[in-house]
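Shown below: run32.txt, with compact mmCIF, C-alpha atoms.
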```txt
# COMPACT_ATOMS: atom_id res chain seq x y z
CA MET I 248 90.24 121.43 106.19
CA THR I 249 92.74 118.61 106.68
CA ARG I 250 96.12 119.12 108.28
CA ARG I 251 97.78 118.49 104.91
CA ARG I 252 95.70 121.18 103.19
CA MET I 253 96.38 123.64 106.01
CA LEU I 254 100.10 123.09 105.56
CA ARG I 255 99.84 123.68 101.81
CA SER I 256 97.89 126.87 102.43
CA VAL I 257 100.46 128.21 104.85
CA VAL I 258 103.33 127.43 102.48
CA ALA I 259 101.48 128.94 99.52
CA ILE I 260 100.75 132.15 101.46
CA ALA I 261 104.39 132.35 102.52
CA ALA I 262 105.49 131.96 98.90
CA VAL I 263 103.13 134.70 97.74
CA THR I 264 104.26 137.01 100.55
CA ALA I 265 107.88 136.46 99.61
CA SER I 266 107.08 137.30 95.99
CA VAL I 267 105.37 140.51 97.03
CA LEU I 268 108.35 141.56 99.12
CA LEU I 269 110.80 140.77 96.35
CA LEU I 270 108.83 142.12 93.41
CA GLY I 271 106.95 144.92 95.11
CA ALA I 272 104.00 145.45 92.78
CA THR I 273 102.93 141.90 92.01
CA ALA I 274 102.53 138.51 93.66
CA THR I 275 103.07 136.62 90.42
CA PRO I 276 106.14 134.38 90.51
CA GLY I 277 109.04 135.63 88.47
CA PRO I 278 110.18 133.74 85.39
CA VAL I 279 111.95 130.46 85.93
CA PRO I 280 115.60 130.76 84.87
CA ASP I 281 115.55 129.32 81.39
CA ASP I 282 118.46 129.51 78.96
CA PRO I 283 117.01 128.90 75.48
CA SER I 284 120.47 128.16 74.12
CA ASP I 285 121.01 125.30 76.57
CA PRO I 286 120.66 122.03 74.61
CA VAL I 287 119.43 120.10 77.64
CA ARG I 288 116.65 122.53 78.44
CA ALA I 289 115.73 122.74 74.77
CA SER I 290 115.39 118.95 74.66
CA GLU I 291 112.62 119.03 77.26
CA TYR I 292 109.96 119.48 74.63
CA TRP I 293 107.15 118.61 77.07
CA LEU I 294 107.68 121.87 78.94
CA ASP I 295 106.02 123.66 76.03
CA GLY I 296 104.02 120.77 74.58
CA ALA I 297 102.15 120.27 77.88
CA ARG I 298 102.13 124.05 78.60
CA ILE I 299 104.18 123.61 81.73
CA ARG I 300 106.16 126.80 81.19
CA GLU I 301 102.88 128.72 81.14
CA ALA I 302 101.84 127.06 84.38
CA TRP I 303 105.07 128.26 85.99
CA GLN I 304 103.76 131.80 85.73
CA THR I 305 101.26 130.79 88.42
CA THR I 306 103.11 128.20 90.50
CA ARG I 307 106.16 125.96 90.58
CA GLY I 308 104.84 123.46 93.09
CA ALA I 309 105.87 125.06 96.37
CA GLY I 310 104.32 123.49 99.45
CA VAL I 311 103.48 120.18 97.79
CA THR I 312 105.21 116.84 98.40
CA ILE I 313 105.56 114.11 95.77
CA ALA I 314 106.39 110.61 96.99
CA VAL I 315 108.36 108.53 94.49
CA ILE I 316 107.96 104.82 95.25
CA ASP I 317 110.71 103.45 93.05
CA THR I 318 114.31 102.23 93.14
CA GLY I 319 115.53 105.19 95.19
CA ILE I 320 116.43 108.81 94.41
CA GLY I 321 120.20 109.18 94.12
CA ILE I 322 122.09 111.89 95.96
CA VAL I 323 122.66 114.39 93.14
CA PRO I 324 122.95 117.86 94.70
CA ALA I 325 122.72 119.75 91.40
CA THR I 326 119.37 118.16 90.53
CA PHE I 327 117.74 117.35 93.83
CA GLY I 328 119.51 119.66 96.27
CA ASP I 329 117.08 120.21 99.13
CA ALA I 330 114.20 118.65 97.20
CA VAL I 331 114.26 115.30 99.01
CA VAL I 332 112.84 115.94 102.45
CA GLY I 333 112.52 112.35 103.63
CA GLY I 334 112.74 108.74 102.65
CA THR I 335 112.73 105.12 103.69
CA ASP I 336 113.51 101.67 102.34
CA VAL I 337 110.82 98.99 102.25
CA SER I 338 112.80 96.38 100.33
CA GLY I 339 115.03 95.16 103.11
CA ALA I 340 118.04 95.75 100.85
CA GLY I 341 118.45 99.54 100.79
CA THR I 342 119.49 102.20 103.27
CA PRO I 343 117.12 103.76 105.84
CA ASP I 344 116.91 107.06 103.93
CA GLY I 345 115.74 105.39 100.70
CA ARG I 346 118.47 107.13 98.71
CA THR I 347 120.62 104.13 97.76
CA PRO I 348 119.77 102.95 94.22
CA LEU I 349 118.52 99.37 94.16
CA GLY I 350 119.03 96.90 91.33
CA ALA I 351 121.87 96.43 88.89
CA ILE I 352 119.55 97.21 85.96
CA ASP I 353 116.94 99.51 87.48
CA GLY I 354 119.11 101.42 89.92
CA ASN I 355 118.78 104.72 88.05
CA HIS I 356 115.06 104.38 87.46
CA GLY I 357 113.96 106.17 90.64
CA SER I 358 116.32 109.09 89.96
CA TRP I 359 115.06 109.47 86.40
CA VAL I 360 111.47 109.53 87.61
CA ALA I 361 112.17 112.04 90.39
CA SER I 362 114.11 114.39 88.09
CA LEU I 363 111.16 114.57 85.69
CA ALA I 364 108.73 115.29 88.52
CA ALA I 365 110.68 117.85 90.55
CA GLY I 366 114.29 118.24 89.41
CA ARG I 367 115.65 121.63 90.51
CA GLY I 368 117.62 122.76 87.47
CA ALA I 369 120.69 124.98 87.64
CA PRO I 370 120.35 128.58 88.89
CA ASP I 371 121.59 129.90 85.54
CA GLY I 372 118.72 128.25 83.66
CA THR I 373 120.67 125.34 82.25
CA GLY I 374 120.46 121.61 82.83
CA MET I 375 117.45 119.42 83.36
CA ILE I 376 114.50 120.83 85.27
CA GLY I 377 111.45 119.02 86.55
CA VAL I 378 107.78 119.84 86.03
CA ALA I 379 107.36 121.10 89.62
CA PRO I 380 110.83 122.43 90.46
CA GLU I 381 109.81 123.77 93.87
CA ALA I 382 107.93 120.70 95.09
CA ASN I 383 109.40 118.43 97.73
CA LEU I 384 110.22 114.76 97.22
CA LEU I 385 110.00 111.62 99.34
CA SER I 386 112.26 108.75 98.31
CA ILE I 387 110.79 105.32 99.07
CA SER I 388 113.09 102.63 97.74
CA VAL I 389 111.66 99.32 96.55
CA GLY I 390 113.43 96.38 95.00
CA PHE I 391 112.32 94.46 91.94
CA GLY I 392 112.98 90.74 91.67
CA SER I 393 116.20 89.64 93.33
CA ALA I 394 116.93 93.19 94.51
CA ALA I 395 114.61 92.71 97.49
CA ALA I 396 114.32 90.46 100.49
CA VAL I 397 110.66 91.38 100.98
CA PRO I 398 107.79 90.32 98.67
CA PHE I 399 107.04 93.07 96.18
CA THR I 400 103.34 93.33 97.07
CA GLU I 401 104.30 93.85 100.71
CA GLN I 402 106.81 96.53 99.75
CA VAL I 403 104.24 98.52 97.82
CA ALA I 404 101.62 98.32 100.57
CA LYS I 405 104.12 99.44 103.18
CA GLY I 406 105.52 102.18 100.94
CA MET I 407 102.06 103.61 100.27
CA ARG I 408 101.27 103.88 103.96
CA TRP I 409 104.66 105.39 104.77
CA ALA I 410 104.22 108.02 102.04
CA VAL I 411 100.80 109.03 103.37
CA ASP I 412 101.98 109.15 106.97
CA ASN I 413 104.94 111.35 106.01
CA GLY I 414 103.03 114.05 104.20
CA ALA I 415 102.72 112.99 100.56
CA ASP I 416 100.20 114.99 98.54
CA VAL I 417 100.95 113.04 95.35
CA ILE I 418 102.30 109.49 95.02
CA ASN I 419 104.00 108.35 91.81
CA LEU I 420 104.16 104.66 90.87
CA SER I 421 106.14 104.06 87.67
CA PHE I 422 105.88 100.26 87.46
CA THR I 423 103.46 97.54 86.45
CA THR I 424 102.91 93.93 87.47
CA ASN I 425 101.65 92.90 83.99
CA THR I 426 98.57 91.35 85.57
CA LEU I 427 95.08 92.78 85.85
CA ASP I 428 94.62 91.60 89.44
CA TRP I 429 96.45 92.77 92.53
CA ASP I 430 97.14 91.44 95.98
CA GLU I 431 94.38 92.08 98.51
CA SER I 432 96.85 93.92 100.73
CA TRP I 433 96.86 96.68 98.14
CA ASP I 434 93.16 97.29 98.74
CA ASP I 435 93.80 98.71 102.18
CA ALA I 436 97.01 100.49 101.15
CA PHE I 437 95.43 102.38 98.26
CA LEU I 438 92.25 103.07 100.22
CA TYR I 439 94.48 104.53 102.92
CA ALA I 440 95.89 106.97 100.39
CA PHE I 441 92.49 107.89 98.98
CA ASP I 442 91.00 108.33 102.45
CA HIS I 443 93.84 110.76 103.25
CA ASP I 444 93.23 112.85 100.12
CA VAL I 445 96.34 111.82 98.19
CA VAL I 446 96.54 111.81 94.37
CA VAL I 447 97.97 108.51 93.12
CA VAL I 448 99.54 108.63 89.64
CA VAL I 449 100.44 105.36 87.91
CA ALA I 450 102.23 104.38 84.69
CA ALA I 451 100.25 102.35 82.14
CA GLY I 452 103.21 100.18 81.07
CA ASN I 453 105.03 99.66 77.77
CA ARG I 454 104.59 97.22 74.92
CA GLY I 455 108.34 97.25 74.41
CA SER I 456 108.70 95.74 77.88
CA GLY I 457 106.09 93.06 77.24
CA THR I 458 103.00 94.86 78.52
CA SER I 459 100.40 94.51 75.78
CA ILE I 460 97.61 95.73 78.06
CA ILE I 461 97.68 97.64 81.32
CA GLY I 462 98.26 95.77 84.55
CA ALA I 463 98.05 96.55 88.26
CA PRO I 464 98.40 99.03 89.85
CA ALA I 465 97.09 100.82 86.74
CA THR I 466 93.89 98.74 86.98
CA ILE I 467 93.06 99.84 90.53
CA PRO I 468 89.97 102.09 90.62
CA GLY I 469 90.75 105.64 91.70
CA VAL I 470 94.32 105.96 90.44
CA LEU I 471 95.18 108.29 87.57
CA THR I 472 96.72 106.02 84.94
CA VAL I 473 99.02 107.69 82.40
CA GLY I 474 99.49 106.50 78.82
CA GLY I 475 102.35 107.62 76.59
CA VAL I 476 102.65 109.60 73.35
CA ASP I 477 105.54 110.58 71.11
CA GLN I 478 106.75 114.09 70.27
CA THR I 479 103.84 114.59 67.86
CA GLY I 480 101.17 113.61 70.37
CA THR I 481 100.56 110.21 68.76
CA ALA I 482 100.14 107.18 70.99
CA SER I 483 103.49 105.48 71.35
CA VAL I 484 103.77 101.97 69.95
CA GLU I 485 106.64 100.74 72.13
CA ALA I 486 106.63 103.22 75.02
CA SER I 487 103.00 102.81 76.05
CA THR I 488 100.17 100.32 76.06
CA GLN I 489 96.39 100.41 76.10
CA GLY I 490 93.48 99.82 78.44
CA ILE I 491 90.15 101.26 79.50
CA THR I 492 91.57 102.63 82.76
CA ILE I 493 93.97 105.06 81.07
CA GLY I 494 92.94 108.54 82.16
CA ILE I 495 95.44 110.89 80.54
CA SER I 496 98.38 110.84 78.13
CA ALA I 497 101.78 112.50 78.42
CA PRO I 498 105.12 112.29 76.58
CA SER I 499 106.85 108.92 76.90
CA GLU I 500 109.46 109.08 74.12
CA GLY I 501 112.72 111.01 73.90
CA LEU I 502 112.69 111.76 77.63
CA LEU I 503 115.57 112.94 79.81
CA GLY I 504 116.42 111.74 83.27
CA MET I 505 119.16 112.42 85.79
CA SER I 506 120.92 109.22 86.82
CA ALA I 507 121.97 108.46 90.36
CA ASP I 508 125.59 109.24 89.44
CA GLY I 509 124.71 112.70 88.15
CA LYS I 510 124.83 111.83 84.46
CA LEU I 511 122.03 112.73 82.10
CA ALA I 512 120.32 109.85 80.30
CA ARG I 513 117.77 109.54 77.52
CA TRP I 514 114.98 107.06 78.05
CA ASN I 515 111.49 106.07 76.99
CA GLY I 516 108.39 104.74 78.70
CA THR I 517 105.28 105.60 80.63
CA SER I 518 107.53 105.43 83.67
CA GLY I 519 108.48 108.95 82.52
CA ALA I 520 105.01 110.02 81.43
CA ALA I 521 103.66 109.35 84.93
CA PRO I 522 106.00 111.74 86.82
CA ILE I 523 105.27 114.48 84.27
CA VAL I 524 101.60 114.17 85.27
CA ALA I 525 102.52 113.81 88.95
CA GLY I 526 104.43 117.08 88.67
CA ILE I 527 101.40 118.74 87.07
CA ALA I 528 99.24 117.43 89.93
CA ALA I 529 101.69 119.08 92.32
CA LEU I 530 101.39 122.38 90.42
CA ILE I 531 97.59 122.21 90.73
CA ARG I 532 97.71 121.48 94.45
CA SER I 533 100.17 124.33 94.94
CA ALA I 534 98.01 126.81 93.01
CA HIS I 535 94.84 125.62 94.79
CA PRO I 536 95.92 124.65 98.33
CA ASP I 537 92.43 123.64 99.44
CA ILE I 538 91.63 121.44 96.44
CA LYS I 539 90.70 117.81 96.99
CA ALA I 540 92.58 114.97 95.32
CA ILE I 541 89.53 113.95 93.29
CA ASP I 542 89.24 117.51 91.95
CA VAL I 543 92.91 117.47 90.94
CA ILE I 544 92.24 114.37 88.87
CA ASN I 545 89.06 115.85 87.47
CA ARG I 546 90.89 119.02 86.38
CA ILE I 547 93.58 117.03 84.61
CA ILE I 548 91.20 114.85 82.60
CA LYS I 549 88.54 117.50 81.93
CA THR I 550 91.06 120.02 80.54
CA ALA I 551 92.95 117.47 78.42
CA ILE I 552 93.65 118.35 74.79
CA PRO I 553 91.37 116.20 72.59
CA VAL I 554 92.97 113.80 70.11
CA ASP I 555 91.49 113.58 66.62
CA GLY I 556 89.87 110.23 65.99
CA ALA I 557 90.03 109.13 69.64
CA GLU I 558 87.01 107.60 71.31
CA LYS I 559 84.93 109.92 73.48
CA PRO I 560 84.89 110.51 76.33
CA SER I 561 87.79 108.17 77.03
CA ASP I 562 90.00 106.28 74.61
CA PRO I 563 91.92 103.06 75.43
CA LEU I 564 95.10 104.63 74.00
CA TYR I 565 94.81 108.29 75.05
CA GLY I 566 92.36 108.32 77.93
CA TYR I 567 90.67 111.74 77.95
CA GLY I 568 93.44 113.28 75.84
CA LEU I 569 96.83 114.99 76.16
CA VAL I 570 97.68 116.65 79.45
CA ASP I 571 97.57 120.46 79.56
CA ALA I 572 99.15 121.92 82.70
CA ALA I 573 98.12 125.55 82.25
CA ALA I 574 94.50 124.67 81.48
CA ALA I 575 94.31 122.33 84.46
CA ILE I 576 95.41 125.14 86.75
CA ASP I 577 93.35 127.96 85.27
CA ALA I 578 90.08 126.16 84.46
CA ASN I 579 86.95 127.11 86.36
CA LEU I 580 85.46 123.73 87.19
CA PRO I 581 82.92 122.80 89.87
CA ALA I 582 84.00 120.43 92.59
CA VAL I 583 83.10 116.78 92.14
CA GLU I 584 81.68 114.38 94.68
CA THR I 585 83.32 111.17 93.46
CA ASN I 586 86.62 110.16 91.92
CA PRO I 587 86.14 110.20 88.12
CA MET I 588 88.60 107.30 87.82
CA GLY I 589 86.51 104.97 89.96
CA ASP I 590 85.71 104.02 93.53
CA LEU I 591 88.00 101.39 95.04
CA ALA I 592 85.87 101.03 98.17
CA GLU I 593 82.83 100.15 96.08
CA TRP I 594 84.89 97.75 93.97
CA VAL I 595 86.08 95.97 97.10
CA ARG I 596 82.52 95.74 98.36
CA LEU I 597 81.33 94.16 95.13
CA PHE I 598 84.20 91.87 94.20
CA ARG I 599 86.08 90.90 97.34
CA ARG I 600 84.62 88.15 99.46
CA ALA I 601 83.38 89.78 102.62
CA GLU I 602 83.82 88.08 105.94
CA ALA I 603 80.83 85.88 106.64
CA GLU I 604 78.61 87.26 109.36
CA PRO I 605 77.29 84.83 111.93
CA GLN I 606 73.85 83.64 110.90
CA THR I 607 70.99 83.84 113.42
CA GLU I 608 69.42 80.44 113.85
CA ALA I 609 65.66 80.38 113.44
CA PRO I 610 63.76 79.00 116.46
CA VAL I 611 62.71 75.38 116.07
CA THR I 612 59.20 74.45 117.21
CA PRO I 613 58.92 70.77 118.14
CA VAL I 614 56.27 68.82 116.22
CA GLU I 615 54.02 66.61 118.32
CA ILE I 616 53.64 63.10 116.91
CA PRO I 617 50.70 60.96 118.15
CA PRO I 618 51.81 57.89 120.09
CA LEU I 619 52.08 54.64 118.27
CA PRO I 620 49.55 51.86 119.21
CA ASP I 621 50.66 49.32 121.73
CA ALA I 622 52.45 46.33 120.35
CA ASP I 623 50.71 42.97 120.34
CA ALA I 624 51.44 40.85 123.34
CA PRO I 625 53.95 38.13 122.58
CA THR I 626 52.51 34.62 122.09
CA GLU I 627 53.69 31.55 123.84
CA PRO I 628 56.10 29.56 121.73
CA GLY I 629 54.56 26.34 120.33
CA SER I 630 55.59 23.34 118.33
CA PRO I 631 56.54 24.13 114.73
CA LEU I 632 54.60 20.98 113.72
CA LEU I 633 51.28 22.26 115.09
CA PRO I 634 49.27 24.88 113.19
CA SER I 635 49.08 28.35 114.64
CA ALA I 636 46.35 30.95 114.20
CA ASP I 637 48.37 32.79 111.58
CA SER I 638 49.23 29.62 109.65
CA LEU I 639 45.57 28.64 109.62
CA ARG I 640 44.47 32.15 108.58
CA TYR I 641 47.06 32.79 105.91
CA GLY I 642 47.98 29.27 104.85
CA THR I 643 45.53 26.43 105.51
CA LEU I 644 42.20 28.20 104.94
CA PRO I 645 43.18 29.83 101.62
CA LEU I 646 44.64 26.51 100.48
CA VAL I 647 41.41 24.67 101.32
CA ALA I 648 39.37 27.41 99.64
CA LEU I 649 41.31 26.95 96.43
CA THR I 650 41.76 23.16 96.54
CA VAL I 651 38.15 21.98 97.17
CA PRO I 652 36.65 23.75 94.15
CA GLY I 653 39.50 22.43 92.06
CA ILE I 654 38.80 18.88 93.12
CA LEU I 655 35.08 19.26 92.46
CA ILE I 656 35.73 20.66 89.01
CA ALA I 657 38.14 17.83 88.25
CA LEU I 658 35.58 15.21 89.37
CA GLY I 659 32.89 16.83 87.26
CA VAL I 660 35.13 16.83 84.20
CA THR I 661 36.00 13.19 84.76
CA ALA I 662 32.35 12.12 85.11
CA ALA I 663 31.41 14.03 81.98
CA ALA I 664 34.15 12.31 80.04
CA ARG I 665 32.91 8.90 81.16
CA ARG I 666 29.33 9.64 80.07
CA ILE I 667 30.54 10.76 76.67
CA ARG I 668 32.53 7.55 76.15
CA SER I 669 29.55 5.43 77.29
CA ALA I 670 27.22 7.18 74.85
CA ARG I 671 29.57 6.64 71.98
CA SER I 672 29.94 2.96 72.74
CA LEU I 673 26.16 2.41 72.68
CA ARG I 674 25.76 4.05 69.30
CA ALA I 675 28.59 2.22 67.66
CA PRO I 676 27.36 -0.69 65.25
CA LYS I 677 28.05 -4.19 66.34
CA PRO I 678 30.01 -6.54 63.98
```

Have the structure of the file written as structure tokens, please.
Amino acid sequence: MTRRRMLRSVVAIAAVTASVLLLGATATPGPVPDDPSDPVRASEYWLDGARIREAWQTTRGAGVTIAVIDTGIGIVPATFGDAVVGGTDVSGAGTPDGRTPLGAIDGNHGSWVASLAAGRGAPDGTGMIGVAPEANLLSISVGFGSAAAVPFTEQVAKGMRWAVDNGADVINLSFTTNTLDWDESWDDAFLYAFDHDVVVVVAAGNRGSGTSIIGAPATIPGVLTVGGVDQTGTASVEASTQGITIGISAPSEGLLGMSADGKLARWNGTSGAAPIVAGIAALIRSAHPDIKAIDVINRIIKTAIPVDGAEKPSDPLYGYGLVDAAAAIDANLPAVETNPMGDLAEWVRLFRRAEAEPQTEAPVTPVEIPPLPDADAPTEPGSPLLPSADSLRYGTLPLVALTVPGILIALGVTAAARRIRSARSLRAPKP
């Protein structure tokens, strides 16, 4: 058992013991304060649609830590209270605790994400509440574009490692790069998380923001990529996208989020669908303290609500279906040996260029070549006007051999011609 799982087990046992002491006859958590007349709470339709309220009868996420790598979780006591147990800034532009919102446009993004994952809600049952209202949060602030002095790929790699080293059980990444590929530094960072048994939940991206197909980190093998649906469970046109790595779908339209200034905001996007699933992952890890990260993912996708007309087993719009929190917690599923969303280590082995290993040189056996014959002894230099042996052999003798027969033939032809003329002159009549 890893140190992280031991800690979850201790916290879970403490929570059960406290329930027994408070309730006497049962260890089942009491009902979460929930005012049905509160318009904010009533607007959180996903609490019933994804059966999160039912899951609360078993657990509320105690003992589990969700790291939110985003633009920073604002200091909003009513929503986050003691939820944020640590943080850091990896952008070079934020504060050391990671709580200062970064970016003029995206400054509230991290707070919205965190409130959906683990917002506390008011004690009287009003106001926004997160999926895992007893889970802890880590705030890791990153900057997008000009809001950072550090390259974005470097920020993410550093943020992933910091989250793992500071006790994250679940990491939420609600952003996309709009490209299928990712920087090689992310290989080691994500493998570090997987090797330390952390569930990594990633947003698929939105068409409305220019993402027509999923991009990294949603394309990294092993992450749980979340697509978005509307209130009816239909794939969202603007607030989602498509791709073969989508594993699960969750609400991405008509969402609520607590801004860094404490004001409630309505927003859309898989940036909100991802923390809903991250919160459900926290509920599963709280209910099953010894469960592995790969089994958390397997529970979520194997208990998903099927979508009529979707491709089986996985659809490029819906993944395995709509997330079901209660089923994911209660299902009796065997443990798996591999991550159902892929193996990053194997991908790296196949597609990254490995460092070249030094090649062993084969021994070279010298070939013996027979010695060349001795060169002819040099001849004494003579007069160029006198014939040499070579000139006689290759010049004079062949010339004589060809010339003498030619002369004899010519003489014979000449003599024959004379005899013919003489014979003709004797036969010719005299005048």

Which one of I:Pro617, I:Gly368, I:Pro324, I:Gly566 sits closest to Lys549 in chain I if you count only C-alpha atoms?
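Of all the options, I:Gly566 lies closest to Lys549 in chain I.
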
Å distance separating CA of Asp317 in chain I from CA of Val473 in chain I, one decimal place
16.4 Å

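In this model, the gap between CA of Arg408 in chain I and CA of Gly475 in chain I comes to 27.6 Å.
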
So how far away is CA of Val449 in chain I from CA of His535 in chain I, in Å?
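For CA of His535 in chain I relative to CA of Val449 in chain I, the distance reads 22.1 Å.
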
Hey, which of I:Val411, I:Ser421, I:Tyr567, I:Gly296 ends up closest to Asp477 in chain I? Count all atoms listed in the file.
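Of the candidates, the smallest distance to Asp477 in chain I is held by I:Gly296.
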
Taking only C-alpha atoms into account, name the residue in I:Trp594, I:Ser388, I:Glu381, I:Met375 that is nearest to Asp344 in chain I.
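Checking each candidate against Asp344 in chain I, we get I:Ser388 as the closest.
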
Generate the missing atoms of range 525-540 of chain I up to N, CA and C atoms and report them as a short mmCIF file (atom, residue, chain, number, x, y, z; two decimals), in the frame of the given file.
```cif
data_model
loop_
_atom_site.label_atom_id
_atom_site.label_comp_id
_atom_site.auth_asym_id
_atom_site.auth_seq_id
_atom_site.Cartn_x
_atom_site.Cartn_y
_atom_site.Cartn_z
N ALA I 525 102.43 113.62 87.50
CA ALA I 525 102.52 113.81 88.95
C ALA I 525 103.01 115.22 89.27
N GLY I 526 103.96 115.71 88.47
CA GLY I 526 104.43 117.08 88.67
C GLY I 526 103.33 118.09 88.41
N ILE I 527 102.52 117.84 87.37
CA ILE I 527 101.40 118.74 87.07
C ILE I 527 100.38 118.71 88.21
N ALA I 528 100.14 117.53 88.77
CA ALA I 528 99.24 117.43 89.93
C ALA I 528 99.77 118.26 91.09
N ALA I 529 101.09 118.26 91.27
CA ALA I 529 101.69 119.08 92.32
C ALA I 529 101.50 120.57 92.03
N LEU I 530 101.62 120.98 90.78
CA LEU I 530 101.39 122.38 90.42
C LEU I 530 99.95 122.79 90.75
N ILE I 531 99.00 121.91 90.45
CA ILE I 531 97.59 122.21 90.73
C ILE I 531 97.36 122.34 92.22
N ARG I 532 97.92 121.44 93.00
CA ARG I 532 97.71 121.48 94.45
C ARG I 532 98.40 122.68 95.06
N SER I 533 99.49 123.13 94.45
CA SER I 533 100.17 124.33 94.94
C SER I 533 99.36 125.58 94.62
N ALA I 534 98.80 125.64 93.41
CA ALA I 534 98.01 126.81 93.01
C ALA I 534 96.67 126.87 93.72
N HIS I 535 96.14 125.70 94.11
CA HIS I 535 94.84 125.62 94.79
C HIS I 535 95.03 124.80 96.07
N PRO I 536 95.56 125.42 97.13
CA PRO I 536 95.92 124.65 98.33
C PRO I 536 94.79 123.88 98.98
N ASP I 537 93.54 124.31 98.78
CA ASP I 537 92.43 123.64 99.44
C ASP I 537 91.77 122.58 98.57
N ILE I 538 92.28 122.34 97.38
CA ILE I 538 91.63 121.44 96.44
C ILE I 538 91.74 119.99 96.91
N LYS I 539 90.70 119.23 96.66
CA LYS I 539 90.70 117.81 96.99
C LYS I 539 91.42 117.01 95.89
N ALA I 540 91.86 115.83 96.27
CA ALA I 540 92.58 114.97 95.32
C ALA I 540 91.68 114.62 94.13
#
```
